[in-house]
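Engineer: Got a structure for you, questions after.
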Amino acid sequence: MIPDKAPEEDVFHGAEEMRRGAHVPTFDKYKEMYMQSIEDPDKFWGDMAKDFFWKSKHTGRFLDYNFDVTKGEIFIKCMEGASTNVCYNVLDRNVHDRKLGDKVAFYWEGNEPGDELTVTYRELLNCVCRFANVLKSQGVAKGDRVAIYMPMVVELVVAMLACARIGAVHSVVFAGFSAESLCERIVDSQCSLLITADGFYRGDKLINLKLIADEALQKCTDKGFSVGRCIVLKHLSKEAQETSLSSPPAKRPCPDLQKEMETVRVRKTRLVPQVPWNPEVDKCWHTLMCNVSDECEPEWCVSEDPLFILYTSGSTGKPKGVLHTASGYMLYTATTFKLVFDHRADDVYWCTADIGWITGHSYITYGPLANGATSVLFEGLPTYPDVSRMWEIVDKYHVSKFYTAPTAIRLLMKYGSEPVHKYKRDSLKVLGTVGEPINPEAWQWYFTVVGDGRCPIVDTFWQTETGGHVITPLPAATPMKPGSATFPFFGVVPAILNESGEELEGTSEGYLVFKQPWPGVMRTVYGNHGRFESTYFKKFPGYYVTGDGCRRDKDGYYWITGRIDDMLNVSGHLLSTAEVESALVGHEAVAEAAVVGRPHPVKGESLYCFVTLRDGTIFNHTLEAQLKKQVREKIGAIATPDFIQEAPALPKTRSGKIMRRVLRKIASGERDLGDVSTLADSSVVEQLFRSRCCPAM
Ligand code: WTA
């Protein structure tokens, strides 16, 4: 339960002026609203829903659900009977009803300093309508799945919203994923179309996206699934950027992508790669956009119509297609964005996440646009061309709300305060973090060096599955404790369970679960409702199980302690050990593999892999490099192993189960192994300790 009074000791506050005009100005107000959200959710969410356009109103209860597998199928329904369109709400409503047509929706900042583009709400709406018509012209209809594999450009948002406008279901795949991963996701949700780009630069490195996309489509064909159509955005030419977004249709030149590709040079004299082109499948984004109207009536969808699928790692190794639906997700991302960042009309908001992850979906695309916010959309890296880039951008656009990951903070912290202090940061008002627990040292640096001790830090705990923030401070209301995500958001009821599933009261530690749904929680695993039920609801009937451990302190604050399943969190990205292991055993030299996390000062965790080789194979640098490449190609660069150790045998229980707990200790060099009485052969452990990789950190 939420304490009656906020604690006064060992807590931090932002500057007093934060409270003036804040949506939730005090802890008492938070508590009052929280109680209302739990006791009368229909009234609470009903009031929030008034801000949106509903073609028809909902009938019956606001949220209807079953969280108990023993009582039947798990389901969550929000606002049944209502119909709406998410794209209409985040664009048309802002342009027409709220008169925000000339307001900037995005300041796009490219990888290369100097590459920039400003897009207003009116321009965005125009572009989305045109692209929605393009999708229709390519045969995409309501309910169809569309795969999007693009860099961080405004057209990525355009593609998502165009899908939402016509009721198609987008499945964005992070542009860092491999061809294999893209193929797996396309086939799993049977996408009828792929949208991609020629390529992009990440820092100095050119990513040939179209080549990877082509390889993925070929793999799909090999598996007997044909995608048929691929729309390609020409991103590496600046002229194409400008024409695609802002020029009125009549005056826009229609470049022939194929011809231009061969001759065009990228800004800053970089060469554009030759892009393979198959006219039967590949269609040029710009050419298609020239030939369509900029009017497109939205498709009215019912509340539980799917909005998108986003894949997240699953502990069995196969990624899960997390499905979110229209009304509840829209309402929840809009409300969390407004209250957690205390959004004001004149804010400039910047979330550094990639749209390929849930943070980008909820807090670059849907939440901010639903609020008519102005955002920075950044294509590049925090360290390119130098480690001041983030603060330079904060200064350039007068960013007031800034949202990033602990791993980025730890990375930049290494360079000290000088690169930060080179730029003005007095526009900053709220700082946010997401993705993993933030260590108190990084928190302090963020608070004092970046925020000058003025800006509250919102440490937002949530998951792809939760759709939006579920445990988080509110910037003016919640006294902060460095490293704690503090208290539940409105409508969210957490509990901590012990191994037997009993709810623990007061100061305690155990499994973090939720007792009832909120509007934005996922509805199913696409195409596999059984997997949804068994992953999240089977272990403790009646509860949604997060897979995270959690501690509650004497003041009722929640502290997330990290994953308690076979998942790893590398730089804020979840990876399953099984996924990496199956990539490793895919190599002919490997008989068995076990992967664990090893603490890493910047990434949080690094990947430490133990491999048992087939007889007659020798472990050397060449094999090690091959194995790393194998994982990169199967999953993507984020999953590249940091360490690979040869293991003549793995520590197993007598029943043959690998003891990962022991492997984790070996990886991090901790001799205190705890109870190892179930080990079948304890000499294996000593052997592994002797040959462990102990690189300089
Ligand atoms: C972890 C990212 C501690 C957690 C939005 C969760 C966090 C997983 C925090 C979800 C936080 C996310 N403090 N841990 N503030 N935020 N996590 O699906 O383990 O990519 O289960 O969603 O990240 O990762 P996902």
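How things are named: the first chain in the structure tokens is A, the next is B, and so on; residues count from 1 in each chain; ligands count from 1 in the order shown.
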Could you give me, as a VMD selection string, each residue of segment 75-282 of chain A that DSSP assigns to alpha helix (DSSP H) when run on this structure's backbone?

Structural biologist: chain A and resid 86 to 87 121 to 137 154 to 166 179 to 188 209 to 222 238 to 245 257 to 263

Engineer: Residues within 6 Å of ligand 1 should be enumerated using only C-alpha atoms and all ligand atoms and returned as a list of chain:residue names.

Structural biologist: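 For ligand 1, the residues inside 6 Å are A:Thr359, A:Val434, A:Gly435, A:Glu436, A:Pro437, A:Asp459, A:Thr460, A:Phe461, A:Trp462, A:Gln463, A:Thr464, A:Ala485, A:Asp548, A:Ile560, A:Gly562, A:Arg563, A:His573, A:Leu574.
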
Engineer: Could you turn the residues from that selection into a file that holds N, CA and C atoms, as an mmCIF file, in the first residue's frame?

Structural biologist:
```cif
data_model
loop_
_atom_site.group_PDB
_atom_site.id
_atom_site.type_symbol
_atom_site.label_atom_id
_atom_site.label_comp_id
_atom_site.auth_asym_id
_atom_site.auth_seq_id
_atom_site.Cartn_x
_atom_site.Cartn_y
_atom_site.Cartn_z
ATOM 1 N N THR A 359 9.987 1.386 -25.748
ATOM 2 C CA THR A 359 10.103 2.759 -25.247
ATOM 3 C C THR A 359 9.857 3.748 -26.376
ATOM 4 N N VAL A 434 15.012 4.462 -18.013
ATOM 5 C CA VAL A 434 14.239 3.252 -18.280
ATOM 6 C C VAL A 434 15.149 2.136 -18.769
ATOM 7 N N GLY A 435 14.743 0.923 -18.518
ATOM 8 C CA GLY A 435 15.389 -0.219 -19.163
ATOM 9 C C GLY A 435 16.041 -1.178 -18.204
ATOM 10 N N GLU A 436 16.496 -0.693 -17.075
ATOM 11 C CA GLU A 436 17.169 -1.555 -16.105
ATOM 12 C C GLU A 436 17.281 -0.764 -14.804
ATOM 13 N N PRO A 437 17.624 -1.452 -13.726
ATOM 14 C CA PRO A 437 17.784 -0.697 -12.480
ATOM 15 C C PRO A 437 18.934 0.302 -12.648
ATOM 16 N N ASP A 459 12.491 7.379 -12.486
ATOM 17 C CA ASP A 459 13.055 6.053 -12.783
ATOM 18 C C ASP A 459 11.855 5.166 -13.082
ATOM 19 N N THR A 460 11.570 4.985 -14.380
ATOM 20 C CA THR A 460 10.326 4.345 -14.797
ATOM 21 C C THR A 460 10.526 2.851 -15.015
ATOM 22 N N PHE A 461 9.858 2.056 -14.217
ATOM 23 C CA PHE A 461 9.899 0.611 -14.417
ATOM 24 C C PHE A 461 8.706 0.190 -15.262
ATOM 25 N N TRP A 462 8.975 -0.549 -16.304
ATOM 26 C CA TRP A 462 7.895 -1.124 -17.127
ATOM 27 C C TRP A 462 8.480 -2.122 -18.088
ATOM 28 N N GLN A 463 7.638 -2.680 -18.956
ATOM 29 C CA GLN A 463 8.066 -3.745 -19.869
ATOM 30 C C GLN A 463 7.326 -3.603 -21.197
ATOM 31 N N THR A 464 7.851 -4.278 -22.223
ATOM 32 C CA THR A 464 7.143 -4.320 -23.505
ATOM 33 C C THR A 464 5.691 -4.735 -23.245
ATOM 34 N N ALA A 485 12.301 2.677 -8.172
ATOM 35 C CA ALA A 485 11.278 3.165 -9.106
ATOM 36 C C ALA A 485 10.063 3.702 -8.323
ATOM 37 N N ASP A 548 10.414 -10.212 -12.842
ATOM 38 C CA ASP A 548 11.417 -9.433 -12.114
ATOM 39 C C ASP A 548 11.313 -9.696 -10.618
ATOM 40 N N ILE A 560 13.374 -2.550 -7.884
ATOM 41 C CA ILE A 560 13.452 -3.698 -8.796
ATOM 42 C C ILE A 560 14.853 -4.285 -8.669
ATOM 43 N N GLY A 562 15.967 -6.946 -10.584
ATOM 44 C CA GLY A 562 16.437 -7.560 -11.836
ATOM 45 C C GLY A 562 15.679 -8.830 -12.158
ATOM 46 N N ARG A 563 15.982 -9.405 -13.312
ATOM 47 C CA ARG A 563 15.245 -10.573 -13.806
ATOM 48 C C ARG A 563 15.497 -11.788 -12.915
ATOM 49 N N HIS A 573 18.658 -3.898 -23.040
ATOM 50 C CA HIS A 573 17.930 -4.760 -23.964
ATOM 51 C C HIS A 573 17.831 -6.165 -23.388
ATOM 52 N N LEU A 574 16.620 -6.701 -23.387
ATOM 53 C CA LEU A 574 16.443 -8.045 -22.855
ATOM 54 C C LEU A 574 16.849 -9.088 -23.889
#
```

Engineer: Per residue of segment 18-110 of chain A within 6 Å of segment 293-307 of chain A, what are the shortest atom pair and its distance in Å to one decimal, counting only C-alpha atoms, with rows by chain and residue number, as a tab-separated table?

Structural biologist:
```
residue	atom	partner	partner_atom	distance
A:Ala82	CA	A:Ser303	CA	5.7
A:Ser83	CA	A:Val302	CA	4.2
A:Thr84	CA	A:Trp300	CA	5.3
A:Asn85	CA	A:Trp300	CA	5.4
```

Engineer: Dump N, CA and C atoms for the selected residues as a JSON list (two decimals), in the first residue's frame?

Structural biologist:
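Below you can see part_1.json, which holds the result:
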```
[["chain", "number", "residue", "atom", "x", "y", "z"],
["A", 82, "ALA", "N", -16.66, 0.70, -27.65],
["A", 82, "ALA", "CA", -16.21, 1.99, -28.19],
["A", 82, "ALA", "C", -15.54, 1.77, -29.54],
["A", 83, "SER", "N", -15.61, 2.79, -30.39],
["A", 83, "SER", "CA", -14.79, 2.72, -31.60],
["A", 83, "SER", "C", -14.06, 4.04, -31.76],
["A", 84, "THR", "N", -12.87, 3.93, -32.31],
["A", 84, "THR", "CA", -12.01, 5.11, -32.44],
["A", 84, "THR", "C", -10.94, 4.81, -33.48],
["A", 85, "ASN", "N", -10.04, 5.77, -33.68],
["A", 85, "ASN", "CA", -8.86, 5.52, -34.50],
["A", 85, "ASN", "C", -7.69, 6.22, -33.83]]
```

Engineer: One decimal, Å: what's the distance from atom CA of Gln218 of chain A over to atom CA of Leu182 of chain A, could you say?

Structural biologist: 11.1 Å

Engineer: List every residue of segment 105-269 of chain A that DSSP, applied to the backbone of this structure, assigns to strand (DSSP E or B), and report them as an MDAnalysis selection string.

Structural biologist: chainID A and resid 105:109 116:120 145:149 169:172 177 193:197 200:202 205:207 230:233 265:266

Engineer: Please provide as a VMD selection string all residues within 9 Å of Gly506 of chain A, with the sequence filter that same-chain residues fewer than 6 positions apart are discarded (counting only C-alpha atoms).

Structural biologist: chain A and resid 1 552 to 556

Engineer: For the residues in the current selection, export C-alpha atoms as a short mmCIF file (atom, residue, chain, number, x, y, z; two decimals), in the first residue's frame.

Structural biologist:
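In the end it all went to out38.cif:
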```cif
data_model
loop_
_atom_site.label_atom_id
_atom_site.label_comp_id
_atom_site.auth_asym_id
_atom_site.auth_seq_id
_atom_site.Cartn_x
_atom_site.Cartn_y
_atom_site.Cartn_z
CA MET A 1 0.00 0.00 0.00
CA ARG A 552 9.83 -3.16 -0.72
CA ASP A 553 11.47 -1.01 1.95
CA LYS A 554 10.15 0.34 5.24
CA ASP A 555 8.66 3.38 3.49
CA GLY A 556 6.80 1.24 0.95
#
```
